[in-house]
Each structure stands twice: as C-alpha cells, then as structure tokens.
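For reference, protein_25.tsv is printed below; it contains TSV, C-alpha atoms.
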chain	number	residue	atom	x	y	z
B	25	MET	CA	7.13	38.15	59.33
B	26	ASN	CA	4.91	37.53	62.32
B	27	ILE	CA	6.07	39.59	65.31
B	28	VAL	CA	4.44	39.59	68.76
B	29	VAL	CA	5.05	42.41	71.24
B	30	VAL	CA	4.67	41.41	74.91
B	31	SER	CA	4.13	44.11	77.56
B	32	PRO	CA	3.21	43.80	81.25
B	33	VAL	CA	0.60	46.32	82.40
B	34	LEU	CA	-0.58	47.23	85.89
B	35	ASN	CA	-3.46	49.72	85.70
B	36	ASP	CA	-1.49	51.92	83.27
B	37	TRP	CA	-3.83	51.45	80.30
B	38	ALA	CA	-3.45	55.05	79.15
B	39	ALA	CA	0.26	54.47	78.62
B	40	PHE	CA	-0.41	51.13	76.93
B	41	GLY	CA	-2.86	52.83	74.55
B	42	GLU	CA	-0.15	55.34	73.65
B	43	LEU	CA	2.30	52.49	73.12
B	44	ILE	CA	0.13	50.58	70.65
B	45	GLU	CA	-0.66	53.82	68.81
B	46	ARG	CA	3.04	54.50	68.32
B	47	LEU	CA	3.73	50.88	67.41
B	48	GLY	CA	0.89	51.03	64.90
B	49	ARG	CA	2.55	53.97	63.12
B	50	LEU	CA	5.86	52.18	62.59
B	51	ASP	CA	6.85	51.12	59.08
B	52	ASP	CA	7.53	47.64	60.45
B	53	ALA	CA	3.88	47.36	61.53
B	54	ARG	CA	2.90	48.22	57.98
B	55	VAL	CA	5.27	45.71	56.39
B	56	HIS	CA	5.04	42.85	58.88
B	57	ASN	CA	2.22	41.17	60.78
B	58	VAL	CA	2.72	42.72	64.24
B	59	ARG	CA	0.47	41.74	67.14
B	60	CYS	CA	0.55	42.99	70.72
B	61	ILE	CA	-0.15	41.10	73.93
B	62	ALA	CA	-0.68	43.04	77.14
B	63	VAL	CA	-0.39	40.96	80.29
B	64	ASP	CA	-2.81	42.42	82.83
B	65	ASP	CA	-0.81	41.94	86.02
B	66	GLY	CA	-3.76	42.01	88.43
B	67	SER	CA	-4.99	45.49	87.52
B	68	SER	CA	-7.91	46.97	89.42
B	69	VAL	CA	-9.02	48.77	86.23
B	70	ARG	CA	-10.22	46.84	83.19
B	71	PRO	CA	-9.02	47.95	79.75
B	72	ASP	CA	-11.40	49.38	77.17
B	73	MET	CA	-10.71	47.01	74.29
B	74	SER	CA	-12.77	48.99	71.77
B	75	ALA	CA	-10.76	52.14	72.55
B	76	LEU	CA	-7.49	50.23	72.26
B	77	ASN	CA	-8.65	48.73	68.97
B	78	GLN	CA	-9.29	52.20	67.55
B	79	ARG	CA	-5.71	53.24	68.30
B	80	LYS	CA	-3.89	50.17	66.99
B	81	GLY	CA	-3.17	51.58	63.52
B	82	TYR	CA	-1.31	49.03	61.41
B	83	LEU	CA	-1.09	46.49	64.22
B	84	ALA	CA	-2.75	43.24	63.21
B	85	GLU	CA	-4.21	42.50	66.63
B	86	VAL	CA	-4.28	43.59	70.25
B	87	ARG	CA	-5.12	41.16	73.03
B	88	VAL	CA	-5.03	41.25	76.80
B	89	VAL	CA	-4.20	38.22	78.95
B	90	ARG	CA	-5.64	38.68	82.44
B	91	LEU	CA	-3.82	37.25	85.45
B	92	ALA	CA	-5.62	36.06	88.56
B	93	CYS	CA	-3.28	38.04	90.81
B	94	ASN	CA	-0.33	40.39	90.71
B	95	LEU	CA	2.85	38.47	89.90
B	96	GLY	CA	5.20	41.33	89.21
B	97	ALA	CA	6.49	42.55	85.85
B	98	ILE	CA	9.09	39.81	85.37
B	99	ARG	CA	6.67	36.93	85.92
B	100	ALA	CA	3.96	38.68	83.92
B	101	ILE	CA	6.45	38.79	81.04
B	102	ALA	CA	7.03	35.05	81.41
B	103	VAL	CA	3.27	34.44	81.13
B	104	GLY	CA	3.13	36.72	78.08
B	105	LEU	CA	5.96	34.84	76.38
B	106	VAL	CA	4.17	31.54	76.91
B	107	ALA	CA	1.02	33.08	75.43
B	108	ALA	CA	3.02	34.40	72.47
B	109	SER	CA	4.55	30.99	71.82
B	110	LYS	CA	1.05	29.53	71.34
B	111	LEU	CA	0.29	31.83	68.42
B	112	GLU	CA	0.61	30.29	64.98
B	113	ASP	CA	3.52	31.09	62.68
B	114	ILE	CA	5.28	33.40	65.14
B	115	ASP	CA	8.76	34.39	64.02
B	116	ALA	CA	9.89	36.48	66.99
B	117	ALA	CA	8.66	38.05	70.23
B	118	VAL	CA	9.62	41.53	71.40
B	119	VAL	CA	9.49	42.26	75.14
B	120	MET	CA	9.08	45.90	76.09
B	121	ASP	CA	7.59	48.02	78.88
B	122	ALA	CA	4.29	49.74	78.19
B	123	ASP	CA	5.16	53.02	79.93
B	124	GLY	CA	7.29	54.52	77.15
B	125	GLU	CA	10.71	54.04	78.75
B	126	ASP	CA	11.33	51.39	76.09
B	127	ARG	CA	10.92	53.43	72.93
B	128	PRO	CA	8.83	51.94	70.07
B	129	GLU	CA	11.24	53.32	67.45
B	130	ASP	CA	13.99	51.21	69.00
B	131	MET	CA	11.95	48.10	68.17
B	132	ALA	CA	12.73	48.84	64.51
B	133	ARG	CA	16.43	48.75	65.42
B	134	LEU	CA	15.97	45.41	67.19
B	135	LEU	CA	14.31	43.99	64.07
B	136	ALA	CA	17.04	45.37	61.79
B	137	CYS	CA	19.77	43.84	63.94
B	138	TRP	CA	17.91	40.53	64.07
B	139	LYS	CA	17.60	40.42	60.28
B	140	GLU	CA	21.38	40.57	60.09
B	141	ARG	CA	21.85	37.86	62.73
B	142	PRO	CA	18.64	35.76	62.73
B	143	ASP	CA	20.18	33.14	65.01
B	144	ARG	CA	20.72	35.57	67.89
B	145	ILE	CA	18.65	37.21	70.60
B	146	VAL	CA	18.86	41.00	70.39
B	147	VAL	CA	18.90	42.92	73.68
B	148	ALA	CA	18.79	46.66	74.31
B	149	ARG	CA	21.45	48.18	76.57
B	150	ARG	CA	20.71	51.64	77.90
B	151	VAL	CA	23.74	53.89	77.54
B	152	GLU	CA	22.09	56.99	78.97
B	153	ARG	CA	19.94	56.85	82.09
B	154	SER	CA	17.72	59.65	83.36
B	155	GLU	CA	17.53	58.50	86.99
B	156	GLY	CA	19.05	60.45	89.86
B	157	LEU	CA	22.54	60.10	91.29
B	158	VAL	CA	21.43	57.85	94.16
B	159	PHE	CA	19.81	55.37	91.78
B	160	LYS	CA	22.87	55.33	89.52
B	161	CYS	CA	25.17	54.66	92.47
B	162	PHE	CA	23.04	51.76	93.71
B	163	TYR	CA	22.78	50.43	90.16
B	164	GLU	CA	26.58	50.35	89.84
B	165	LEU	CA	26.78	48.68	93.26
B	166	TYR	CA	24.25	46.07	92.07
B	167	LYS	CA	26.34	45.30	88.98
B	168	LEU	CA	29.46	44.92	91.15
B	169	ILE	CA	27.69	42.55	93.58
B	170	PHE	CA	26.26	40.59	90.63
B	171	LYS	CA	29.76	40.22	89.19
B	172	LEU	CA	31.28	39.10	92.50
B	173	LEU	CA	28.56	36.55	93.28
B	174	THR	CA	28.00	35.10	89.80
B	175	GLY	CA	31.21	35.79	87.91
B	176	GLN	CA	29.09	37.27	85.09
B	177	SER	CA	28.36	40.79	83.89
B	178	ILE	CA	24.89	42.10	83.07
B	179	ALA	CA	24.08	45.49	81.59
B	180	PHE	CA	20.68	45.12	79.92
B	181	GLY	CA	17.08	44.68	80.99
B	182	THR	CA	13.97	43.04	79.58
B	183	PHE	CA	13.73	45.09	76.36
B	184	SER	CA	14.71	42.43	73.85
B	185	LEU	CA	13.80	40.48	70.72
B	186	LEU	CA	13.56	36.70	71.01
B	187	PRO	CA	13.57	34.63	67.81
B	188	ARG	CA	11.15	31.71	67.78
B	189	ASP	CA	13.74	29.04	68.62
B	190	ALA	CA	15.10	31.11	71.51
B	191	LEU	CA	11.56	31.83	72.70
B	192	LEU	CA	10.64	28.16	72.81
B	193	SER	CA	13.85	27.41	74.68
B	194	LEU	CA	13.40	30.17	77.25
B	195	ILE	CA	9.78	29.39	78.14
B	196	HIS	CA	11.00	25.93	79.18
B	197	ASN	CA	13.76	27.53	81.25
B	198	PRO	CA	12.71	27.99	84.92
B	199	ALA	CA	15.05	30.98	85.18
B	200	ILE	CA	12.73	33.35	83.27
B	201	TRP	CA	10.26	33.07	86.16
B	202	ASN	CA	12.77	35.07	88.22
B	203	ASN	CA	14.55	37.30	85.70
B	204	LEU	CA	14.55	37.33	81.91
B	205	ALA	CA	17.87	39.14	81.45
B	206	SER	CA	19.75	36.74	83.74
B	207	ALA	CA	18.02	33.79	82.07
B	208	ILE	CA	19.31	34.98	78.69
B	209	THR	CA	22.89	35.32	79.95
B	210	ARG	CA	22.81	31.88	81.54
B	211	SER	CA	20.96	30.06	78.75
B	212	ARG	CA	24.08	30.18	76.53
B	213	ILE	CA	21.90	31.30	73.65
B	214	PRO	CA	24.00	33.81	71.67
B	215	TYR	CA	22.80	37.38	71.90
B	216	THR	CA	23.71	40.77	70.44
B	217	GLU	CA	23.48	44.11	72.24
B	218	ILE	CA	22.32	47.38	70.72
B	219	ARG	CA	22.74	50.68	72.53
B	220	THR	CA	19.59	52.66	73.33
B	221	ASN	CA	18.51	55.61	75.41
B	222	ARG	CA	15.78	55.56	78.00
B	223	GLY	CA	12.49	57.00	76.79
B	224	VAL	CA	10.13	59.35	78.61
B	225	ARG	CA	7.05	57.96	80.35
B	226	TYR	CA	3.83	58.56	78.46
B	227	SER	CA	1.80	59.28	81.58
B	228	GLY	CA	1.74	58.86	85.35
B	229	GLN	CA	4.65	58.02	87.59
B	230	SER	CA	6.69	54.89	87.92
B	231	SER	CA	5.57	52.47	90.63
B	232	MET	CA	9.13	51.23	90.96
B	233	ASN	CA	10.65	52.14	94.33
B	234	PHE	CA	13.84	51.22	96.14
B	235	VAL	CA	12.37	48.04	97.63
B	236	ALA	CA	11.09	46.91	94.24
B	237	LEU	CA	14.49	47.60	92.69
B	238	ALA	CA	16.22	45.62	95.45
B	239	VAL	CA	13.86	42.69	94.88
B	240	HIS	CA	14.54	42.92	91.16
B	241	GLY	CA	18.30	42.76	91.78
B	242	ILE	CA	17.98	39.79	94.13
B	243	SER	CA	15.76	38.03	91.59
B	244	SER	CA	18.39	38.42	88.89
B	245	ILE	CA	21.05	36.95	91.20
B	246	SER	CA	18.72	34.08	92.18
B	247	VAL	CA	19.00	32.72	88.62
B	248	TYR	CA	22.58	31.84	89.56
B	249	THR	CA	21.67	30.42	92.98
B	250	ASP	CA	23.74	27.26	92.56
B	251	VAL	CA	26.75	29.26	91.32
B	252	VAL	CA	26.42	31.76	94.18
B	253	LEU	CA	26.18	29.01	96.82
B	254	LEU	CA	29.19	27.21	95.39
B	255	ARG	CA	31.26	30.41	95.29
B	256	ILE	CA	30.26	31.19	98.89
B	257	THR	CA	31.26	27.66	99.94
B	258	VAL	CA	34.67	28.01	98.30
B	259	ALA	CA	35.17	31.48	99.82
B	260	MET	CA	34.26	30.18	103.29
B	261	GLY	CA	36.68	27.29	102.82
B	262	ILE	CA	39.52	29.65	101.89
B	263	LEU	CA	38.69	31.92	104.83
B	264	ALA	CA	38.63	28.95	107.22
B	265	LEU	CA	42.02	27.84	105.92
B	266	CYS	CA	43.52	31.30	106.49
B	267	ILE	CA	42.08	31.44	110.02
B	268	PHE	CA	43.44	27.95	110.77
B	269	PHE	CA	46.96	28.94	109.76
B	270	GLY	CA	46.65	32.19	111.76
B	271	ALA	CA	45.66	30.32	114.92
B	272	ALA	CA	48.29	27.65	114.33
B	273	SER	CA	51.01	30.29	113.99
B	274	ILE	CA	50.10	31.66	117.45
B	275	VAL	CA	50.36	28.16	118.99
B	276	VAL	CA	53.72	27.50	117.30
B	277	ALA	CA	55.10	30.87	118.36
B	278	LYS	CA	54.04	30.29	121.98
B	279	PHE	CA	55.18	26.68	122.53
B	280	VAL	CA	57.91	26.06	119.96
B	281	THR	CA	59.82	29.30	119.64
B	282	SER	CA	61.48	31.45	122.30
B	283	TRP	CA	59.58	34.52	121.25
B	284	VAL	CA	57.87	36.61	123.88
B	285	ILE	CA	54.14	36.32	123.24
B	286	PRO	CA	51.93	39.11	124.66
B	287	ASP	CA	48.99	38.18	126.85
B	288	TRP	CA	46.43	39.30	124.29
B	289	ALA	CA	47.62	36.58	121.92
B	290	SER	CA	45.51	34.06	123.86
B	291	TYR	CA	42.39	36.11	123.28
B	292	VAL	CA	43.24	36.36	119.58
B	293	PHE	CA	43.69	32.58	119.43
B	294	VAL	CA	40.29	31.96	121.06
B	295	SER	CA	38.62	34.47	118.74
B	296	LEU	CA	40.20	32.91	115.65
B	297	THR	CA	39.10	29.45	116.80
B	298	ILE	CA	35.49	30.61	117.21
B	299	ILE	CA	35.53	32.32	113.81
B	300	PHE	CA	37.06	29.17	112.27
B	301	LEU	CA	34.25	26.98	113.63
B	302	GLN	CA	31.58	29.46	112.51
B	303	THR	CA	33.11	29.56	109.04
B	304	LEU	CA	32.99	25.78	108.81
B	305	VAL	CA	29.31	25.84	109.84
B	306	PHE	CA	28.43	28.46	107.23
B	307	ALA	CA	30.36	26.60	104.55
B	308	GLY	CA	28.56	23.37	105.45
B	309	LEU	CA	25.14	25.05	105.37
B	310	ALA	CA	25.90	26.62	101.98
B	311	LEU	CA	27.03	23.24	100.65
B	312	PHE	CA	23.90	21.44	101.86
B	313	GLN	CA	21.71	24.24	100.49
B	314	PHE	CA	23.45	23.86	97.15
B	315	LEU	CA	22.81	20.09	97.13
B	316	SER	CA	19.15	20.50	98.13
B	317	PHE	CA	18.64	23.15	95.45
B	318	ARG	CA	19.81	20.68	92.82
B	319	SER	CA	17.11	18.19	93.81
B	320	MET	CA	14.16	20.63	93.88
B	321	LYS	CA	11.46	20.49	91.23
B	322	ALA	CA	11.61	23.65	89.15
B	323	PHE	CA	8.69	25.82	88.02
B	324	VAL	CA	8.60	25.55	84.22
B	325	PRO	CA	6.60	28.44	82.70
B	326	ALA	CA	5.71	26.56	79.51
B	327	SER	CA	3.64	24.04	81.48
B	328	ASP	CA	2.88	25.73	84.81
B	329	VAL	CA	1.70	29.31	84.15
B	330	GLY	CA	-1.80	28.31	83.09
B	331	VAL	CA	-3.07	28.37	86.68
B	332	PHE	CA	-2.49	32.15	86.84
B	333	ILE	CA	-4.57	33.05	83.77
B	334	LEU	CA	-8.21	34.07	84.08
B	335	ASP	CA	-9.01	34.68	80.41
B	336	ALA	CA	-7.86	36.44	77.27
B	337	GLU	CA	-9.61	39.41	75.71
B	338	PHE	CA	-9.34	40.29	72.04
B	339	ASP	CA	-10.25	43.27	69.88
B	340	ASP	CA	-13.97	42.54	70.11
B	341	SER	CA	-13.82	42.77	73.93
B	342	LYS	CA	-15.29	39.29	74.42
B	343	PRO	CA	-13.48	36.96	76.82
B	344	LEU	CA	-12.63	33.70	75.09
B	345	ARG	CA	-12.73	31.30	78.00
B	346	LYS	CA	-13.38	28.31	75.76
B	347	GLU	CA	-10.19	29.04	73.83
B	348	ARG	CA	-8.04	29.49	76.91
B	349	SER	CA	-5.93	26.43	76.06
B	350	ASN	CA	-5.07	28.06	72.71
B	351	VAL	CA	-3.48	30.93	74.56
B	352	VAL	CA	-1.64	29.02	77.28
B	353	ALA	CA	-1.51	25.32	77.93
B	354	GLY	CA	-1.61	24.96	81.71
B	355	PRO	CA	-1.13	21.80	83.72
B	356	SER	CA	-4.88	21.22	83.88
B	357	SER	CA	-5.60	22.04	80.21
B	358	LYS	CA	-7.18	19.30	78.11
B	359	PRO	CA	-6.31	18.81	74.45
Can you turn what I pasted into structure tokens?
Amino acid sequence: MNIVVVSPVLNDWAAFGELIERLGRLDDARVHNVRCIAVDDGSSVRPDMSALNQRKGYLAEVRVVRLACNLGAIRAIAVGLVAASKLEDIDAAVVMDADGEDRPEDMARLLACWKERPDRIVVARRVERSEGLVFKCFYELYKLIFKLLTGQSIAFGTFSLLPRDALLSLIHNPAIWNNLASAITRSRIPYTEIRTNRGVRYSGQSSMNFVALAVHGISSISVYTDVVLLRITVAMGILALCIFFGAASIVVAKFVTSWVIPDWASYVFVSLTIIFLQTLVFAGLALFQFLSFRSMKAFVPASDVGVFILDAEFDDSKPLRKERSNVVAGPSSKP
C-alpha cells in the first residue's frame, strides 16, 4: 500500500529528523510504500534535506512543502493533505505531529485497525495525558463548552489515518481549514477510535501556550458556527419568553389581583423589560449572523491553498518550482 505521513513543522527539524528515523524503522515502512511530507509552516530555519534523507531508513521518500507564511498547525495540515492527495496511487494519509507526542509505533496500530475497517477513518484518542492539573481542568471545561454549544462530543485530536476516499472528501470540506478533528465529526464519514498514550517530545519545548490552546478550542467550535448560532438564537428566544411571563405576572398581580405588591416590584418589572428587549436584540443579531454565514463563499482547501505554497523540496534538496502544480493545484495553476 501507498501511505503518506503528513506532519506540520515550525523550526523543529531536529524532532522531525527523529520522527522519520523512527518511522523508517517500522515494519510497515518495510512492507509498504511509506512517504513523508513535512509542511514547513513558515520556519526561519531551512531543513537539511541530505541529512533527513540519510535518516529515512525504509521510508520511500521525504519531501518538504514550504509555506509562504505561518498559518498554524491546523492549516498547515490542510495544505499537507492537499499535497498528499496529488500523489499517485495513494491509499491513505496519516496525520501526526513531528515532535514525538504522537508516537510512530501507534501508526502501526492505526494501519492495523484500518485494514479491518477499510471504509472508516481511524482516529487516536489519548487516554493518558501528561499535562498539568490546570491544563486538564481547562481541557475538560473546553469539552463541556463544546458539548453545550454544538451538541456533539469530541475527544481526539489530529493524529489520524484518512483513507483515500475520506481524504478526497475532506480536502473539499472548508471545515478542515479551521479544525481537522471537528471536520471529521461533522463530515458524517464513519470513523473508529483507538486508545493511545501521549508520547514524549524528542527535543525542545512545546510552543503551545494557553492563548494558542484557547484559539485551537475556538477554531474547533467554529466548524459548527451555524449550529452554535442557531442554538444561541433558540436559547435567547426561550429566555425572552421566560422574562416576558415574569414581567407579565408582575403586571397581573398589581392590577388584577388584590395582592399587596411591594414597591420594589416596579423596579423588577422595568429591569425585566430591559432584559427582554436586549434578549430580543441578541436573538435577532444571532439569527441575521446565521443567515449571512450561510451565504458566504467558503475557503475550499483543495482549490485555494496553492497561494500559500512557495515550493516543494525533495530528497535531492532541489526545489521543484516547475512541478509545483503536481504538488498542489492552486487557483492560478495551469494544466
């Protein structure tokens, strides 16, 4: 089988070299035709292709796709998947981090699971995390917010195996430009989870901080923007209805019944009226935002990512600018 491994890299070429060395020692690399694509996400340091080539072991090929600017790991992965889809006779693409936290030996488990269910995407769910208590608490909070806003559950990341048909479907799905995991859950393509542990970084320290994690969480929710806006609109409508009945009950009690109404009831009525009007405004804004979102032109990675690619470098360390269209077909590419 022809397998392509896609990894985003930002300056961490030492870790990527360790990754391809470990991938090159796998039995699957010996049995199958395994190639590796590193997406250079705007690195300030160029990779040494000859050094990488010496470490590739049984890997059939190593190539680097250079981006014109830093897009972030998620969007770099989207570019890498488009590049992988252009390779001939590809059977599946494996997405994994280059820092070692996605363990190469788990790729063999992804392949084994896929052989049993070739029609399904295989995703890796981490059952043991090595982060601190604060991170774990915020991660659980993120999953709760995701569930409340989208009505869906998500417990896996980008480490996954995408069969060819699923790959071709996803690169035409605008959602992978924001978050691959959420795109998989919303694509309705069947997937299977395997349980994995987090690996240890090969070198250096993670560049992921709290702000980056927050952006990552918001990006995953943004895949369900229309669902979130609709749920907010419905929630605002229900809240407005409750406030209306609360204010109406004060008016009825004051003018219809003989009950003694305290003076502060008038202030409560005015406050409820203001909140009611504000709720209607927010519900209206959410509804109009939902309608405008439906009419926007989406960014489709399969046809639009070409503008971000500078060139592709192969084992011989020569940039193949003339063959750029063979790697990614951008909107300005000519047949």
Can you sort out the box for stretch 94-110 of chain B, edges along x, y and z, all listed atoms in, 5 Å on every side, with centre and edge lengths in Å to one decimal, as JSON?
{"center_x": 4.4, "center_y": 36.0, "center_z": 81.0, "size_x": 19.4, "size_y": 23.0, "size_z": 29.4}
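Across the structure, atom CA of B:Val329 and atom CA of B:Ala39 are spaced 25.8 Å apart.
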For the interface of stretch 75-149 of chain B with stretch 42-54 of chain B (cut-off 7 Å, counting all atoms listed in the file), please tabulate each contacting residue of stretch 75-149 of chain B alongside its nearest pair of atoms and their separation in Å to one decimal, rows sorted by chain and increasing number, as JSON lines.
{"residue": "B:Arg79", "atom": "CA", "partner": "B:Glu45", "partner_atom": "CA", "distance": 5.1}
{"residue": "B:Lys80", "atom": "CA", "partner": "B:Glu45", "partner_atom": "CA", "distance": 5.2}
{"residue": "B:Gly81", "atom": "CA", "partner": "B:Gly48", "partner_atom": "CA", "distance": 4.3}
{"residue": "B:Tyr82", "atom": "CA", "partner": "B:Gly48", "partner_atom": "CA", "distance": 4.6}
{"residue": "B:Leu83", "atom": "CA", "partner": "B:Gly48", "partner_atom": "CA", "distance": 5.0}
{"residue": "B:Ala122", "atom": "CA", "partner": "B:Leu43", "partner_atom": "CA", "distance": 6.1}
{"residue": "B:Gly124", "atom": "CA", "partner": "B:Leu43", "partner_atom": "CA", "distance": 6.7}
{"residue": "B:Pro128", "atom": "CA", "partner": "B:Leu47", "partner_atom": "CA", "distance": 5.8}
{"residue": "B:Ala132", "atom": "CA", "partner": "B:Asp52", "partner_atom": "CA", "distance": 6.7}
Suppose we keep C-alpha atoms; can you now write the selection as a PDB file, in the coordinates of the input?
ATOM      1  CA  ARG B  79      -5.710  53.240  68.300  1.00  0.00           C
ATOM      2  CA  LYS B  80      -3.890  50.170  66.990  1.00  0.00           C
ATOM      3  CA  GLY B  81      -3.170  51.580  63.520  1.00  0.00           C
ATOM      4  CA  TYR B  82      -1.310  49.030  61.410  1.00  0.00           C
ATOM      5  CA  LEU B  83      -1.090  46.490  64.220  1.00  0.00           C
ATOM      6  CA  ALA B 122       4.290  49.740  78.190  1.00  0.00           C
ATOM      7  CA  GLY B 124       7.290  54.520  77.150  1.00  0.00           C
ATOM      8  CA  PRO B 128       8.830  51.940  70.070  1.00  0.00           C
ATOM      9  CA  ALA B 132      12.730  48.840  64.510  1.00  0.00           C
TER      10      ALA B 132
END
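Selecting by distance to (15.5, 40.9, 66.9) with a limit of 8 Å and using only C-alpha atoms, one obtains Ala116, Val118, Leu134, Leu135, Ala136, Cys137, Trp138, Lys139, Pro142, Arg144, Ile145, Val146, Val147, Ser184, Leu185, Leu186 and Pro187 of chain B.
In this structure, atom CA of B:Ser244 sits 25.7 Å away from atom CA of B:Arg133.
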Check your understanding: Any idea what's packed within 7 Å of stretch 56-70 of chain B, counting all atoms listed in the file, ignoring anything in its chain fewer than 6 positions away? Could you give it as a VMD selection string?
Key -> chain B and resid 25 to 35 83 to 96 100 104
Each stretch 81-108 of chain B residue no farther than 9 Å from stretch 200-220 of chain B, nearest pair in Å, all atoms listed in the file, as CSV:
residue,atom,partner,partner_atom,distance
B:Ile98,CA,B:Asn203,CA,6.0
B:Arg99,CA,B:Trp201,CA,5.3
B:Ala100,CA,B:Trp201,CA,8.7
B:Ile101,CA,B:Leu204,CA,8.3
B:Ala102,CA,B:Trp201,CA,6.1
B:Val103,CA,B:Trp201,CA,8.7
Review point. Taking into account all atoms listed in the file, which residue in the set B:Leu237, B:Val247, B:Leu192, B:Ile298 is nearest to B:Leu111?
Key: B:Leu192
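Proximity of B:Phe332, B:Phe323, B:Phe159, B:Phe314 to B:His196, computed with all atoms listed in the file, is greatest for B:Phe323.
Straight-line separation from atom CA of B:Ala179 to atom CA of B:Val106: 24.8 Å.
Counting only C-alpha atoms, the residue from B:Gln176, B:Thr303, B:Ser109, B:Thr297 that sits nearest to B:Ile262 is B:Thr303.
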Check your understanding: Restricting the calculation to only C-alpha atoms, which member of B:Phe306, B:Val294, B:Ala107, B:Leu173 is positioned closest to B:Leu191?
Key -> B:Ala107
Review point. Quick one: of B:Met120, B:Leu105, B:Ile333, B:Val224, who's nearest to B:Asn197, counting all atoms listed in the file?
Key: B:Leu105
